[in-house]
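See below for structure.csv, which holds CSV, C-alpha atoms.
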```csv
chain,number,residue,atom,x,y,z
L,18,MET,CA,-94.6,9.6,33.3
L,19,ILE,CA,-93.1,12.7,34.7
L,20,LYS,CA,-89.8,11.8,33.0
L,21,ARG,CA,-91.5,11.5,29.7
L,22,HIS,CA,-93.2,14.9,30.1
L,23,LEU,CA,-90.0,16.5,31.1
L,24,ARG,CA,-88.2,15.0,28.1
L,25,TYR,CA,-91.0,16.2,25.8
L,26,PHE,CA,-90.8,19.7,27.3
L,27,TRP,CA,-87.0,19.7,26.9
L,28,ASN,CA,-87.1,18.6,23.3
L,29,ASN,CA,-89.6,21.4,22.5
L,30,PHE,CA,-87.7,23.9,24.5
L,31,THR,CA,-84.3,23.2,22.8
L,32,ARG,CA,-85.7,23.4,19.3
L,33,PRO,CA,-83.8,26.1,17.3
L,34,ARG,CA,-86.9,28.2,16.7
L,35,VAL,CA,-87.6,28.4,20.4
L,36,LEU,CA,-84.2,28.5,22.0
L,37,SER,CA,-82.6,30.9,19.6
L,38,PHE,CA,-85.2,33.6,20.1
L,39,LEU,CA,-85.2,33.0,23.8
L,40,LEU,CA,-81.4,33.5,24.0
L,41,ILE,CA,-81.5,36.6,21.8
L,42,GLY,CA,-84.3,38.1,24.0
L,43,THR,CA,-82.3,37.3,27.2
L,44,ALA,CA,-79.1,38.8,25.7
L,45,VAL,CA,-81.0,41.9,24.7
L,46,VAL,CA,-82.4,42.2,28.3
L,47,PHE,CA,-78.9,42.2,29.6
L,48,LEU,CA,-78.1,45.2,27.4
L,49,THR,CA,-80.2,47.3,29.8
L,50,PHE,CA,-77.5,47.0,32.4
L,51,LEU,CA,-75.1,48.9,30.1
L,52,THR,CA,-77.3,52.0,30.0
L,53,ASN,CA,-78.3,54.8,32.5
L,54,ASP,CA,-81.0,56.3,30.4
L,55,ASN,CA,-84.5,55.1,31.4
L,56,ALA,CA,-86.1,55.7,28.0
L,57,LEU,CA,-83.4,53.6,26.3
L,58,GLU,CA,-83.8,50.8,28.9
L,59,ILE,CA,-87.6,50.7,28.3
L,60,SER,CA,-87.1,50.5,24.5
L,61,ILE,CA,-84.4,47.7,24.9
L,62,SER,CA,-86.8,45.8,27.2
L,63,GLY,CA,-89.6,46.2,24.6
L,64,LEU,CA,-87.3,44.8,21.9
L,65,ALA,CA,-86.3,41.9,24.2
L,66,SER,CA,-90.0,41.1,25.0
L,67,VAL,CA,-90.6,40.8,21.2
L,68,PHE,CA,-88.0,38.1,20.9
L,69,ILE,CA,-89.2,36.3,24.0
L,70,GLY,CA,-92.7,36.5,22.8
L,71,ILE,CA,-91.7,34.9,19.5
L,72,ALA,CA,-90.0,32.1,21.4
L,73,VAL,CA,-93.1,31.5,23.5
L,74,ASN,CA,-95.3,31.5,20.4
L,75,ASN,CA,-93.0,29.0,18.6
L,76,PHE,CA,-93.1,26.8,21.7
L,77,THR,CA,-96.9,26.7,22.0
L,78,ALA,CA,-97.2,26.3,18.2
L,79,GLU,CA,-95.1,23.1,18.5
L,80,GLU,CA,-97.2,21.8,21.4
L,81,THR,CA,-100.4,22.5,19.5
L,82,ARG,CA,-99.1,20.7,16.4
L,83,HIS,CA,-98.3,17.7,18.5
L,84,LYS,CA,-101.8,17.6,20.0
L,85,ASP,CA,-103.3,18.0,16.5
L,86,GLU,CA,-101.2,15.0,15.3
L,87,ILE,CA,-102.5,12.9,18.1
L,88,ALA,CA,-106.1,13.8,17.3
L,89,ILE,CA,-105.6,13.1,13.6
L,90,ARG,CA,-104.0,9.7,14.4
L,91,SER,CA,-106.9,8.7,16.5
L,92,LYS,CA,-109.5,9.8,13.9
L,93,VAL,CA,-107.6,7.9,11.2
L,94,THR,CA,-107.7,4.8,13.4
L,95,TYR,CA,-111.5,5.2,13.9
L,96,ALA,CA,-112.0,5.8,10.2
L,97,SER,CA,-110.0,2.7,9.4
L,98,LYS,CA,-112.1,0.6,11.7
L,99,VAL,CA,-115.3,2.0,10.3
L,100,LEU,CA,-114.1,1.1,6.8
L,101,GLU,CA,-113.3,-2.4,7.9
L,102,MET,CA,-116.8,-2.7,9.4
L,103,ALA,CA,-118.3,-1.4,6.1
L,104,GLU,CA,-116.3,-3.9,4.1
L,105,ALA,CA,-117.5,-6.8,6.3
L,106,LYS,CA,-121.1,-5.5,5.9
L,107,LEU,CA,-120.7,-5.3,2.1
L,108,GLN,CA,-119.4,-8.9,2.0
L,109,TYR,CA,-122.4,-9.9,4.1
L,110,ILE,CA,-124.7,-8.2,1.6
L,111,CYS,CA,-123.2,-9.9,-1.3
L,112,THR,CA,-123.5,-13.3,0.4
L,113,GLN,CA,-127.2,-12.7,1.4
L,114,SER,CA,-128.0,-11.4,-2.1
L,115,ALA,CA,-126.4,-14.5,-3.7
L,116,THR,CA,-128.5,-16.8,-1.5
L,117,GLY,CA,-131.7,-14.9,-2.1
L,118,ASN,CA,-132.2,-13.4,1.4
L,119,GLN,CA,-133.4,-10.0,0.2
L,120,GLN,CA,-134.7,-8.8,3.5
L,121,GLN,CA,-131.5,-9.5,5.3
L,122,ALA,CA,-129.5,-7.9,2.5
L,123,GLU,CA,-131.7,-4.7,2.7
L,124,ASP,CA,-131.2,-4.5,6.4
L,125,ALA,CA,-127.5,-4.9,6.0
L,126,CYS,CA,-127.6,-2.1,3.3
L,127,LYS,CA,-129.2,0.2,5.8
L,128,GLU,CA,-126.5,-0.6,8.4
L,129,LEU,CA,-123.9,0.0,5.7
L,130,SER,CA,-125.4,3.4,4.9
L,131,GLN,CA,-125.2,4.3,8.6
L,132,LEU,CA,-121.6,3.3,8.7
L,133,LEU,CA,-120.8,5.4,5.7
L,134,GLY,CA,-122.6,8.3,7.3
L,135,LEU,CA,-120.5,7.9,10.4
L,136,LEU,CA,-117.4,7.8,8.2
L,137,LYS,CA,-118.5,11.1,6.5
L,138,LEU,CA,-118.9,12.7,9.9
L,139,LEU,CA,-115.4,11.6,11.0
L,140,LEU,CA,-113.9,13.0,7.8
L,141,LYS,CA,-115.8,16.3,8.0
L,142,GLU,CA,-114.4,16.9,11.5
L,143,GLU,CA,-111.0,16.1,10.1
L,144,LYS,CA,-111.3,18.9,7.6
L,145,SER,CA,-111.8,21.4,10.3
L,146,LEU,CA,-108.4,20.6,11.8
L,147,HIS,CA,-106.6,21.8,8.7
```

Using structure tokens, write down the structure that the file contains.
Amino acid sequence: MIKRHLRYFWNNFTRPRVLSFLLIGTAVVFLTFLTNDNALEISISGLASVFIGIAVNNFTAEETRHKDEIAIRSKVTYASKVLEMAEAKLQYICTQSATGNQQQAEDACKELSQLLGLLKLLLKEEKSLH
């Protein structure tokens, strides 16, 4: 498990959007060794922190995107299962209606309505992730 997390970290860390800004920021920091003026060193360090900040932001954005994808996949799985249950309930309603069992068909319609309400809730939560 640790190996998987380290591989995941390394893959995100070595992405061009992360590594390039981090390397530029580090290179800019080393420019401070070439100066003797404190004001110039402070301004160079500020510039370097901007590049390093962009790298950190890109790294965390990639991590957040990955977590959002996992949440979306699980919600799609739940929605698919709810649709399967609704389909089975609809087939049951058709069977009961054909045989003349109106009360059982009405009960199944209420259950189907609840399943569709659950599906709507799942999809409303999904809209908020985008």

Excluding Leu132 in chain L and its own-chain neighbours fewer than 5 positions away, which residues fall within 9 Å of it when counting only C-alpha atoms? Please give them as a VMD selection string. chain L and resid 99 to 100 102 to 103 127 137

All residues 12 Å or closer to Leu48 in chain L, only C-alpha atoms, same chain fewer than 6 positions away omitted, as a VMD selection string: chain L and resid 41 to 42 54 57 to 65

Could you pull the residues within 9 Å of Leu136 in chain L, counting only C-alpha atoms, minus those fewer than 3 positions along the same chain, as a ChimeraX atom specification? /L:95-96,99-100,131-133,139-141

Selected residue of minimal separation from Lys106 in chain L among L:Asn118, L:Ile87, L:Glu128, L:Ile69, counting only C-alpha atoms: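 Ranking L:Asn118, L:Ile87, L:Glu128, L:Ile69 by distance to Lys106 in chain L, first place goes to L:Glu128.
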
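When CA of Phe47 in chain L is paired with CA of Asn28 in chain L, their separation reads 25.8 Å.
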
Suppose you want the space between CA of Ile110 in chain L and CA of Thr94 in chain L; what is it in Å?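 We find that CA of Ile110 in chain L and CA of Thr94 in chain L lie 24.4 Å from each other.
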
If you count all atoms listed in the file, which residues fall within 10 Å of Ser37 in chain L, apart from same-chain ones fewer than 4 positions away, as a ChimeraX atom specification? /L:30-33,41-43,68-69,71-72

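Interatomic distance, CA of Glu79 in chain L to CA of Arg34 in chain L: 9.8 Å.
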